[in-house]
Amino acid sequence: QVQLAETGGDLVQAGGSLRLSCSASGRIRTITAMGWYRQAPEKHRDLVALINTDGATNYEESVRGRFTISRAAGGDTVYLQMNYLKPEDTAVYYCAAVQNYRTLYWGQGTQVTVSL
């Protein structure tokens with residue numbers, strides 16, 4: 001199994017920046033991709049950014065150019081650098097890890113609130 005723990009959520013003004021971190025533990029060598037999802041009130045949980053083991057990344061269109069996902073060399077920590085934050089970025093952000101290309105694990109979530 002894989003366990004995930006996120007940190008970094010906060011209240012920030014529009015235009016500001018935050019960096020989220022997610023630390024993985026357990027069977028981290030079986031992780032084939034890690035990413036960030038977010039869920040706003042009464043909305044679906046949507047993919048924000050994904051990074052796989054060879055470093056390839058994928059971003060949701062609305063965050064492209066503002067958010068950057070990266071992964072520590074050891075592969076056990078993933079970051080989401082969020083710049084030029086907008087009120088519509090307000091959501092609970094969840095870290096996710098894919099194990100062996102098929103099993104998805106979730107973190108507990110961290111709240112990001114962007115005020116006007």
# chains A, B, ... in the order shown; residues from 1 in each chain; ligands from 1

$ residues_around --residues "Gln1 in chain A" --least-positions-apart "3" --cutoff "12 Å" --atoms "only C-alpha atoms" --output "ChimeraX atom specification"
/A:4,24-31,97-100,103-106

$ write_last_selection --atoms "all heavy atoms" --output "CSV table (one decimal), in the first residue's frame"
chain,number,residue,atom,x,y,z
A,4,LEU,N,-0.2,8.7,1.7
A,4,LEU,CA,0.1,10.1,1.2
A,4,LEU,C,-0.3,11.1,2.2
A,4,LEU,O,-1.4,11.0,2.8
A,4,LEU,CB,-0.7,10.4,-0.1
A,4,LEU,CG,-0.5,9.4,-1.3
A,4,LEU,CD1,-1.5,9.6,-2.4
A,4,LEU,CD2,0.9,9.5,-1.8
A,24,ALA,N,4.9,10.6,0.1
A,24,ALA,CA,4.5,9.3,0.0
A,24,ALA,C,5.3,8.4,0.9
A,24,ALA,O,6.5,8.6,1.0
A,24,ALA,CB,4.5,8.8,-1.5
A,25,SER,N,4.6,7.4,1.4
A,25,SER,CA,5.3,6.3,2.2
A,25,SER,C,4.7,5.0,1.9
A,25,SER,O,3.7,4.9,1.2
A,25,SER,CB,5.3,6.7,3.7
A,25,SER,OG,3.9,6.7,4.1
A,26,GLY,N,5.4,4.0,2.3
A,26,GLY,CA,4.9,2.6,2.0
A,26,GLY,C,5.7,2.1,0.8
A,26,GLY,O,6.9,2.3,0.7
A,27,ARG,N,5.0,1.5,-0.1
A,27,ARG,CA,5.6,0.8,-1.3
A,27,ARG,C,5.8,1.9,-2.4
A,27,ARG,O,5.2,1.8,-3.5
A,27,ARG,CB,4.7,-0.3,-1.7
A,27,ARG,CG,4.5,-1.4,-0.7
A,27,ARG,CD,3.8,-2.6,-1.2
A,27,ARG,NE,4.6,-3.3,-2.2
A,27,ARG,CZ,4.2,-4.3,-2.9
A,27,ARG,NH1,2.9,-4.8,-2.8
A,27,ARG,NH2,5.0,-4.9,-3.8
A,28,ILE,N,6.7,2.8,-2.1
A,28,ILE,CA,6.8,3.9,-3.1
A,28,ILE,C,7.5,3.5,-4.4
A,28,ILE,O,7.3,4.2,-5.4
A,28,ILE,CB,7.6,5.1,-2.5
A,28,ILE,CG1,9.0,4.7,-2.0
A,28,ILE,CG2,6.8,5.7,-1.3
A,28,ILE,CD1,9.9,5.9,-1.6
A,29,ARG,N,8.2,2.4,-4.4
A,29,ARG,CA,8.8,2.0,-5.6
A,29,ARG,C,7.8,1.4,-6.6
A,29,ARG,O,8.1,1.3,-7.8
A,29,ARG,CB,9.9,0.9,-5.4
A,29,ARG,CG,11.1,1.4,-4.6
A,29,ARG,CD,12.2,0.4,-4.6
A,29,ARG,NE,13.4,0.9,-3.9
A,29,ARG,CZ,14.5,0.3,-3.8
A,29,ARG,NH1,14.6,-0.9,-4.3
A,29,ARG,NH2,15.6,0.8,-3.2
A,30,THR,N,6.6,1.2,-6.2
A,30,THR,CA,5.6,0.7,-7.1
A,30,THR,C,4.7,1.8,-7.7
A,30,THR,O,3.8,1.6,-8.5
A,30,THR,CB,4.6,-0.3,-6.3
A,30,THR,OG1,3.9,0.5,-5.3
A,30,THR,CG2,5.4,-1.4,-5.7
A,31,ILE,N,5.0,3.1,-7.3
A,31,ILE,CA,4.3,4.2,-7.8
A,31,ILE,C,4.7,4.5,-9.2
A,31,ILE,O,5.9,4.7,-9.5
A,31,ILE,CB,4.5,5.5,-6.9
A,31,ILE,CG1,4.0,5.2,-5.5
A,31,ILE,CG2,3.9,6.7,-7.5
A,31,ILE,CD1,4.3,6.4,-4.5
A,97,ALA,N,-1.7,9.0,-6.0
A,97,ALA,CA,-0.6,8.2,-6.4
A,97,ALA,C,-1.2,7.0,-7.1
A,97,ALA,O,-2.1,6.4,-6.6
A,97,ALA,CB,0.3,7.8,-5.3
A,98,VAL,N,-0.6,6.7,-8.3
A,98,VAL,CA,-1.0,5.5,-9.0
A,98,VAL,C,0.0,4.4,-8.8
A,98,VAL,O,1.2,4.6,-9.0
A,98,VAL,CB,-1.1,5.8,-10.5
A,98,VAL,CG1,-1.6,4.5,-11.3
A,98,VAL,CG2,-2.1,6.9,-10.8
A,99,GLN,N,-0.4,3.2,-8.3
A,99,GLN,CA,0.5,2.1,-8.1
A,99,GLN,C,0.4,1.1,-9.2
A,99,GLN,O,-0.7,0.7,-9.5
A,99,GLN,CB,0.1,1.5,-6.7
A,99,GLN,CG,1.0,0.3,-6.3
A,99,GLN,CD,0.5,-0.4,-5.1
A,99,GLN,OE1,-0.7,-0.7,-4.9
A,99,GLN,NE2,1.4,-0.6,-4.1
A,100,ASN,N,1.5,0.8,-9.8
A,100,ASN,CA,1.5,-0.2,-10.8
A,100,ASN,C,0.5,0.0,-11.9
A,100,ASN,O,-0.1,-0.9,-12.5
A,100,ASN,CB,1.3,-1.6,-10.2
A,100,ASN,CG,2.5,-2.0,-9.3
A,100,ASN,OD1,3.6,-1.7,-9.6
A,100,ASN,ND2,2.1,-2.8,-8.3
A,103,THR,N,-3.8,1.0,-9.5
A,103,THR,CA,-4.4,1.3,-8.2
A,103,THR,C,-4.2,2.7,-7.8
A,103,THR,O,-3.0,3.2,-7.7
A,103,THR,CB,-3.8,0.3,-7.1
A,103,THR,OG1,-4.0,-1.0,-7.5
A,103,THR,CG2,-4.6,0.6,-5.8
A,104,LEU,N,-5.2,3.4,-7.4
A,104,LEU,CA,-5.2,4.8,-7.1
A,104,LEU,C,-5.3,5.0,-5.6
A,104,LEU,O,-6.2,4.5,-4.9
A,104,LEU,CB,-6.3,5.6,-7.8
A,104,LEU,CG,-6.3,7.1,-7.7
A,104,LEU,CD1,-5.0,7.7,-8.3
A,104,LEU,CD2,-7.5,7.7,-8.4
A,105,TYR,N,-4.4,5.8,-5.0
A,105,TYR,CA,-4.4,6.1,-3.6
A,105,TYR,C,-4.6,7.7,-3.5
A,105,TYR,O,-4.1,8.4,-4.3
A,105,TYR,CB,-3.1,5.7,-2.9
A,105,TYR,CG,-2.9,4.3,-2.8
A,105,TYR,CD1,-2.2,3.6,-3.8
A,105,TYR,CD2,-3.4,3.5,-1.7
A,105,TYR,CE1,-2.1,2.2,-3.7
A,105,TYR,CE2,-3.2,2.2,-1.6
A,105,TYR,CZ,-2.6,1.5,-2.6
A,105,TYR,OH,-2.4,0.1,-2.5
A,106,TRP,N,-5.3,8.0,-2.4
A,106,TRP,CA,-5.6,9.4,-2.1
A,106,TRP,C,-5.0,9.9,-0.8
A,106,TRP,O,-4.9,9.1,0.2
A,106,TRP,CB,-7.1,9.7,-2.1
A,106,TRP,CG,-7.8,9.4,-3.3
A,106,TRP,CD1,-8.6,8.3,-3.6
A,106,TRP,CD2,-7.9,10.3,-4.5
A,106,TRP,NE1,-9.1,8.5,-4.9
A,106,TRP,CE2,-8.7,9.7,-5.4
A,106,TRP,CE3,-7.3,11.5,-4.8
A,106,TRP,CZ2,-9.0,10.2,-6.7
A,106,TRP,CZ3,-7.6,12.1,-6.0
A,106,TRP,CH2,-8.4,11.4,-7.0

$ select_by_dssp --residues "range 39-68 of chain A" --states "strand (DSSP E or B)" --output "PyMOL selection string"
chain A and resi 39+45-52+57-59+64+67-68

$ residues_around --residues "Leu85 in chain A" --least-positions-apart "4" --cutoff "7 Å" --atoms "only C-alpha atoms" --output "MDAnalysis selection string"
chainID A and resid 14:17 89 114

$ residues_around --residues "Leu50 in chain A" --least-positions-apart "3" --cutoff "10 Å" --atoms "only C-alpha atoms" --output "ChimeraX atom specification"
/A:33-37,47,55-60,68-70,78,80,95-97

$ select_by_dssp --residues "chain A" --states "helix (DSSP H, G or I)" --output "PDB file with N, CA, C and O atoms, in the first residue's frame"
ATOM      1  N   ILE A  28       6.684   2.834  -2.141  1.00  0.00           N
ATOM      2  CA  ILE A  28       6.836   3.940  -3.083  1.00  0.00           C
ATOM      3  C   ILE A  28       7.483   3.506  -4.394  1.00  0.00           C
ATOM      4  O   ILE A  28       7.297   4.155  -5.422  1.00  0.00           O
ATOM      5  N   ARG A  29       8.212   2.399  -4.392  1.00  0.00           N
ATOM      6  CA  ARG A  29       8.837   1.964  -5.639  1.00  0.00           C
ATOM      7  C   ARG A  29       7.814   1.434  -6.640  1.00  0.00           C
ATOM      8  O   ARG A  29       8.128   1.268  -7.820  1.00  0.00           O
ATOM      9  N   THR A  30       6.599   1.177  -6.175  1.00  0.00           N
ATOM     10  CA  THR A  30       5.556   0.705  -7.082  1.00  0.00           C
ATOM     11  C   THR A  30       4.736   1.847  -7.663  1.00  0.00           C
ATOM     12  O   THR A  30       3.840   1.617  -8.481  1.00  0.00           O
ATOM     13  N   GLU A  61      -6.280  22.475 -18.375  1.00  0.00           N
ATOM     14  CA  GLU A  61      -6.078  23.663 -19.207  1.00  0.00           C
ATOM     15  C   GLU A  61      -6.076  24.967 -18.407  1.00  0.00           C
ATOM     16  O   GLU A  61      -5.285  25.880 -18.679  1.00  0.00           O
ATOM     17  N   SER A  62      -6.939  25.085 -17.423  1.00  0.00           N
ATOM     18  CA  SER A  62      -7.061  26.361 -16.713  1.00  0.00           C
ATOM     19  C   SER A  62      -5.863  26.687 -15.826  1.00  0.00           C
ATOM     20  O   SER A  62      -5.697  27.843 -15.409  1.00  0.00           O
ATOM     21  N   VAL A  63      -5.007  25.707 -15.545  1.00  0.00           N
ATOM     22  CA  VAL A  63      -3.845  25.974 -14.683  1.00  0.00           C
ATOM     23  C   VAL A  63      -2.547  25.984 -15.467  1.00  0.00           C
ATOM     24  O   VAL A  63      -1.498  26.331 -14.924  1.00  0.00           O
ATOM     25  N   PRO A  87      -9.526  33.265  -7.529  1.00  0.00           N
ATOM     26  CA  PRO A  87     -10.574  32.753  -6.634  1.00  0.00           C
ATOM     27  C   PRO A  87     -11.152  31.424  -7.105  1.00  0.00           C
ATOM     28  O   PRO A  87     -11.506  30.579  -6.263  1.00  0.00           O
ATOM     29  N   GLU A  88     -11.205  31.200  -8.393  1.00  0.00           N
ATOM     30  CA  GLU A  88     -11.747  29.936  -8.896  1.00  0.00           C
ATOM     31  C   GLU A  88     -10.829  28.746  -8.662  1.00  0.00           C
ATOM     32  O   GLU A  88     -11.209  27.604  -8.929  1.00  0.00           O
ATOM     33  N   ASP A  89      -9.633  28.999  -8.160  1.00  0.00           N
ATOM     34  CA  ASP A  89      -8.737  27.905  -7.757  1.00  0.00           C
ATOM     35  C   ASP A  89      -9.071  27.387  -6.360  1.00  0.00           C
ATOM     36  O   ASP A  89      -8.494  26.390  -5.916  1.00  0.00           O
TER      37      ASP A  89
END

$ residues_around --residues "Ala73 in chain A" --least-positions-apart "6" --cutoff "12 Å" --atoms "only C-alpha atoms" --output "number ranges by chain"
A: 53-55, 79

$ residues_around --residues "Ser23 in chain A" --least-positions-apart "2" --cutoff "6 Å" --atoms "only C-alpha atoms" --output "PyMOL selection string"
chain A and resi 4-5+76-77

$ write_last_selection --atoms "N, CA, C and O atoms" --output "compact mmCIF listing (two decimals), in the first residue's frame"
# COMPACT_ATOMS: atom_id res chain seq x y z
N LEU A 4 -0.25 8.74 1.68
CA LEU A 4 0.06 10.08 1.18
C LEU A 4 -0.32 11.12 2.22
O LEU A 4 -1.37 11.01 2.85
N ALA A 5 0.50 12.13 2.36
CA ALA A 5 0.23 13.21 3.31
C ALA A 5 0.54 14.54 2.65
O ALA A 5 1.67 14.77 2.22
N ASP A 76 9.61 10.19 -3.65
CA ASP A 76 8.64 10.04 -2.58
C ASP A 76 7.90 11.32 -2.24
O ASP A 76 7.07 11.33 -1.33
N THR A 77 8.21 12.41 -2.93
CA THR A 77 7.55 13.68 -2.66
C THR A 77 7.21 14.36 -3.99
O THR A 77 8.04 14.41 -4.89

$ atom_distance --atom1 "CA of Val112 in chain A" --atom2 "CA of His44 in chain A"
16.0 Å

$ atom_distance --atom1 "CA of Lys86 in chain A" --atom2 "CA of Gln3 in chain A"
29.8 Å

$ atom_distance --atom1 "CA of Ile51 in chain A" --atom2 "CA of Thr32 in chain A"
8.9 Å

$ closest_residue --among "A:Gln108, A:Gln13, A:Thr7, A:Thr113" --to "Ala91 in chain A" --atoms "only C-alpha atoms"
A:Thr113

$ closest_residue --among "A:Asn52, A:Asn83, A:Ala72, A:Phe67" --to "Tyr101 in chain A" --atoms "only C-alpha atoms"
A:Asn52

$ decode --residues "range 79-115 of chain A" --atoms "N, CA, C and O atoms" --output "PDB file, in the first residue's frame"
ATOM      1  N   TYR A  79       5.397  17.992  -5.608  1.00  0.00           N
ATOM      2  CA  TYR A  79       5.071  19.372  -5.283  1.00  0.00           C
ATOM      3  C   TYR A  79       4.133  19.953  -6.343  1.00  0.00           C
ATOM      4  O   TYR A  79       4.153  19.544  -7.502  1.00  0.00           O
ATOM      5  N   LEU A  80       3.356  20.917  -5.909  1.00  0.00           N
ATOM      6  CA  LEU A  80       2.557  21.695  -6.847  1.00  0.00           C
ATOM      7  C   LEU A  80       2.786  23.163  -6.530  1.00  0.00           C
ATOM      8  O   LEU A  80       2.315  23.661  -5.509  1.00  0.00           O
ATOM      9  N   GLN A  81       3.551  23.817  -7.394  1.00  0.00           N
ATOM     10  CA  GLN A  81       3.774  25.247  -7.251  1.00  0.00           C
ATOM     11  C   GLN A  81       2.651  25.973  -7.969  1.00  0.00           C
ATOM     12  O   GLN A  81       2.450  25.774  -9.167  1.00  0.00           O
ATOM     13  N   MET A  82       1.924  26.785  -7.231  1.00  0.00           N
ATOM     14  CA  MET A  82       0.758  27.478  -7.783  1.00  0.00           C
ATOM     15  C   MET A  82       1.017  28.974  -7.742  1.00  0.00           C
ATOM     16  O   MET A  82       1.178  29.560  -6.662  1.00  0.00           O
ATOM     17  N   ASN A  83       1.081  29.579  -8.910  1.00  0.00           N
ATOM     18  CA  ASN A  83       1.299  31.024  -9.034  1.00  0.00           C
ATOM     19  C   ASN A  83       0.074  31.686  -9.651  1.00  0.00           C
ATOM     20  O   ASN A  83      -0.749  31.033 -10.286  1.00  0.00           O
ATOM     21  N   TYR A  84      -0.003  32.995  -9.459  1.00  0.00           N
ATOM     22  CA  TYR A  84      -1.114  33.782 -10.031  1.00  0.00           C
ATOM     23  C   TYR A  84      -2.463  33.151  -9.695  1.00  0.00           C
ATOM     24  O   TYR A  84      -3.302  32.939 -10.573  1.00  0.00           O
ATOM     25  N   LEU A  85      -2.633  32.831  -8.440  1.00  0.00           N
ATOM     26  CA  LEU A  85      -3.848  32.156  -8.002  1.00  0.00           C
ATOM     27  C   LEU A  85      -5.074  33.027  -8.209  1.00  0.00           C
ATOM     28  O   LEU A  85      -5.012  34.270  -8.079  1.00  0.00           O
ATOM     29  N   LYS A  86      -6.164  32.362  -8.531  1.00  0.00           N
ATOM     30  CA  LYS A  86      -7.444  33.026  -8.781  1.00  0.00           C
ATOM     31  C   LYS A  86      -8.476  32.494  -7.792  1.00  0.00           C
ATOM     32  O   LYS A  86      -8.347  31.361  -7.311  1.00  0.00           O
ATOM     33  N   PRO A  87      -9.526  33.265  -7.529  1.00  0.00           N
ATOM     34  CA  PRO A  87     -10.574  32.753  -6.634  1.00  0.00           C
ATOM     35  C   PRO A  87     -11.152  31.424  -7.105  1.00  0.00           C
ATOM     36  O   PRO A  87     -11.506  30.579  -6.263  1.00  0.00           O
ATOM     37  N   GLU A  88     -11.205  31.200  -8.393  1.00  0.00           N
ATOM     38  CA  GLU A  88     -11.747  29.936  -8.896  1.00  0.00           C
ATOM     39  C   GLU A  88     -10.829  28.746  -8.662  1.00  0.00           C
ATOM     40  O   GLU A  88     -11.209  27.604  -8.929  1.00  0.00           O
ATOM     41  N   ASP A  89      -9.633  28.999  -8.160  1.00  0.00           N
ATOM     42  CA  ASP A  89      -8.737  27.905  -7.757  1.00  0.00           C
ATOM     43  C   ASP A  89      -9.071  27.387  -6.360  1.00  0.00           C
ATOM     44  O   ASP A  89      -8.494  26.390  -5.916  1.00  0.00           O
ATOM     45  N   THR A  90      -9.974  28.052  -5.675  1.00  0.00           N
ATOM     46  CA  THR A  90     -10.360  27.632  -4.326  1.00  0.00           C
ATOM     47  C   THR A  90     -10.970  26.239  -4.360  1.00  0.00           C
ATOM     48  O   THR A  90     -11.910  25.973  -5.113  1.00  0.00           O
ATOM     49  N   ALA A  91     -10.404  25.354  -3.560  1.00  0.00           N
ATOM     50  CA  ALA A  91     -10.863  23.962  -3.521  1.00  0.00           C
ATOM     51  C   ALA A  91     -10.069  23.212  -2.474  1.00  0.00           C
ATOM     52  O   ALA A  91      -9.071  23.723  -1.943  1.00  0.00           O
ATOM     53  N   VAL A  92     -10.499  21.990  -2.212  1.00  0.00           N
ATOM     54  CA  VAL A  92      -9.662  21.050  -1.477  1.00  0.00           C
ATOM     55  C   VAL A  92      -8.781  20.342  -2.506  1.00  0.00           C
ATOM     56  O   VAL A  92      -9.290  19.805  -3.490  1.00  0.00           O
ATOM     57  N   TYR A  93      -7.495  20.376  -2.263  1.00  0.00           N
ATOM     58  CA  TYR A  93      -6.538  19.761  -3.175  1.00  0.00           C
ATOM     59  C   TYR A  93      -6.106  18.419  -2.605  1.00  0.00           C
ATOM     60  O   TYR A  93      -5.686  18.323  -1.453  1.00  0.00           O
ATOM     61  N   TYR A  94      -6.209  17.401  -3.450  1.00  0.00           N
ATOM     62  CA  TYR A  94      -5.877  16.039  -3.038  1.00  0.00           C
ATOM     63  C   TYR A  94      -4.669  15.537  -3.821  1.00  0.00           C
ATOM     64  O   TYR A  94      -4.618  15.660  -5.046  1.00  0.00           O
ATOM     65  N   CYS A  95      -3.752  14.969  -3.102  1.00  0.00           N
ATOM     66  CA  CYS A  95      -2.653  14.267  -3.734  1.00  0.00           C
ATOM     67  C   CYS A  95      -3.114  12.862  -4.105  1.00  0.00           C
ATOM     68  O   CYS A  95      -3.899  12.245  -3.365  1.00  0.00           O
ATOM     69  N   ALA A  96      -2.613  12.386  -5.236  1.00  0.00           N
ATOM     70  CA  ALA A  96      -2.964  11.041  -5.680  1.00  0.00           C
ATOM     71  C   ALA A  96      -1.709  10.327  -6.153  1.00  0.00           C
ATOM     72  O   ALA A  96      -0.794  10.957  -6.692  1.00  0.00           O
ATOM     73  N   ALA A  97      -1.682   9.034  -5.956  1.00  0.00           N
ATOM     74  CA  ALA A  97      -0.585   8.207  -6.444  1.00  0.00           C
ATOM     75  C   ALA A  97      -1.164   6.976  -7.126  1.00  0.00           C
ATOM     76  O   ALA A  97      -2.100   6.360  -6.604  1.00  0.00           O
ATOM     77  N   VAL A  98      -0.590   6.652  -8.279  1.00  0.00           N
ATOM     78  CA  VAL A  98      -1.001   5.459  -9.011  1.00  0.00           C
ATOM     79  C   VAL A  98       0.039   4.378  -8.777  1.00  0.00           C
ATOM     80  O   VAL A  98       1.234   4.591  -9.010  1.00  0.00           O
ATOM     81  N   GLN A  99      -0.411   3.244  -8.334  1.00  0.00           N
ATOM     82  CA  GLN A  99       0.475   2.120  -8.065  1.00  0.00           C
ATOM     83  C   GLN A  99       0.366   1.122  -9.193  1.00  0.00           C
ATOM     84  O   GLN A  99      -0.742   0.681  -9.530  1.00  0.00           O
ATOM     85  N   ASN A 100       1.502   0.794  -9.777  1.00  0.00           N
ATOM     86  CA  ASN A 100       1.547  -0.224 -10.839  1.00  0.00           C
ATOM     87  C   ASN A 100       0.522   0.048 -11.944  1.00  0.00           C
ATOM     88  O   ASN A 100      -0.092  -0.884 -12.458  1.00  0.00           O
ATOM     89  N   TYR A 101       0.355   1.296 -12.277  1.00  0.00           N
ATOM     90  CA  TYR A 101      -0.497   1.730 -13.396  1.00  0.00           C
ATOM     91  C   TYR A 101      -1.974   1.462 -13.197  1.00  0.00           C
ATOM     92  O   TYR A 101      -2.771   1.669 -14.116  1.00  0.00           O
ATOM     93  N   ARG A 102      -2.390   1.019 -11.985  1.00  0.00           N
ATOM     94  CA  ARG A 102      -3.808   0.681 -11.872  1.00  0.00           C
ATOM     95  C   ARG A 102      -4.465   1.034 -10.555  1.00  0.00           C
ATOM     96  O   ARG A 102      -5.652   1.336 -10.543  1.00  0.00           O
ATOM     97  N   THR A 103      -3.767   1.027  -9.451  1.00  0.00           N
ATOM     98  CA  THR A 103      -4.399   1.286  -8.161  1.00  0.00           C
ATOM     99  C   THR A 103      -4.161   2.731  -7.764  1.00  0.00           C
ATOM    100  O   THR A 103      -3.027   3.191  -7.746  1.00  0.00           O
ATOM    101  N   LEU A 104      -5.239   3.425  -7.402  1.00  0.00           N
ATOM    102  CA  LEU A 104      -5.162   4.842  -7.073  1.00  0.00           C
ATOM    103  C   LEU A 104      -5.293   5.033  -5.569  1.00  0.00           C
ATOM    104  O   LEU A 104      -6.217   4.499  -4.949  1.00  0.00           O
ATOM    105  N   TYR A 105      -4.381   5.791  -5.006  1.00  0.00           N
ATOM    106  CA  TYR A 105      -4.412   6.138  -3.589  1.00  0.00           C
ATOM    107  C   TYR A 105      -4.604   7.652  -3.457  1.00  0.00           C
ATOM    108  O   TYR A 105      -4.125   8.423  -4.290  1.00  0.00           O
ATOM    109  N   TRP A 106      -5.280   8.034  -2.373  1.00  0.00           N
ATOM    110  CA  TRP A 106      -5.560   9.446  -2.125  1.00  0.00           C
ATOM    111  C   TRP A 106      -4.969   9.906  -0.808  1.00  0.00           C
ATOM    112  O   TRP A 106      -4.940   9.142   0.159  1.00  0.00           O
ATOM    113  N   GLY A 107      -4.570  11.171  -0.778  1.00  0.00           N
ATOM    114  CA  GLY A 107      -4.267  11.807   0.491  1.00  0.00           C
ATOM    115  C   GLY A 107      -5.547  12.322   1.120  1.00  0.00           C
ATOM    116  O   GLY A 107      -6.639  12.180   0.564  1.00  0.00           O
ATOM    117  N   GLN A 108      -5.394  12.963   2.279  1.00  0.00           N
ATOM    118  CA  GLN A 108      -6.571  13.409   3.020  1.00  0.00           C
ATOM    119  C   GLN A 108      -7.088  14.757   2.528  1.00  0.00           C
ATOM    120  O   GLN A 108      -8.213  15.144   2.870  1.00  0.00           O
ATOM    121  N   GLY A 109      -6.294  15.460   1.735  1.00  0.00           N
ATOM    122  CA  GLY A 109      -6.712  16.744   1.179  1.00  0.00           C
ATOM    123  C   GLY A 109      -6.209  17.916   1.991  1.00  0.00           C
ATOM    124  O   GLY A 109      -6.017  17.821   3.204  1.00  0.00           O
ATOM    125  N   THR A 110      -5.998  19.026   1.306  1.00  0.00           N
ATOM    126  CA  THR A 110      -5.580  20.260   1.964  1.00  0.00           C
ATOM    127  C   THR A 110      -6.340  21.417   1.319  1.00  0.00           C
ATOM    128  O   THR A 110      -6.471  21.480   0.092  1.00  0.00           O
ATOM    129  N   GLN A 111      -6.843  22.319   2.160  1.00  0.00           N
ATOM    130  CA  GLN A 111      -7.700  23.395   1.675  1.00  0.00           C
ATOM    131  C   GLN A 111      -6.872  24.552   1.135  1.00  0.00           C
ATOM    132  O   GLN A 111      -5.968  25.055   1.812  1.00  0.00           O
ATOM    133  N   VAL A 112      -7.218  24.977  -0.070  1.00  0.00           N
ATOM    134  CA  VAL A 112      -6.651  26.185  -0.657  1.00  0.00           C
ATOM    135  C   VAL A 112      -7.795  27.164  -0.877  1.00  0.00           C
ATOM    136  O   VAL A 112      -8.781  26.838  -1.544  1.00  0.00           O
ATOM    137  N   THR A 113      -7.672  28.339  -0.290  1.00  0.00           N
ATOM    138  CA  THR A 113      -8.692  29.364  -0.437  1.00  0.00           C
ATOM    139  C   THR A 113      -8.043  30.625  -0.984  1.00  0.00           C
ATOM    140  O   THR A 113      -7.059  31.117  -0.420  1.00  0.00           O
ATOM    141  N   VAL A 114      -8.584  31.119  -2.088  1.00  0.00           N
ATOM    142  CA  VAL A 114      -8.053  32.314  -2.729  1.00  0.00           C
ATOM    143  C   VAL A 114      -9.097  33.418  -2.617  1.00  0.00           C
ATOM    144  O   VAL A 114     -10.207  33.282  -3.135  1.00  0.00           O
ATOM    145  N   SER A 115      -8.727  34.491  -1.948  1.00  0.00           N
ATOM    146  CA  SER A 115      -9.666  35.600  -1.737  1.00  0.00           C
ATOM    147  C   SER A 115      -9.413  36.710  -2.747  1.00  0.00           C
ATOM    148  O   SER A 115      -8.327  36.834  -3.309  1.00  0.00           O
TER     149      SER A 115
END
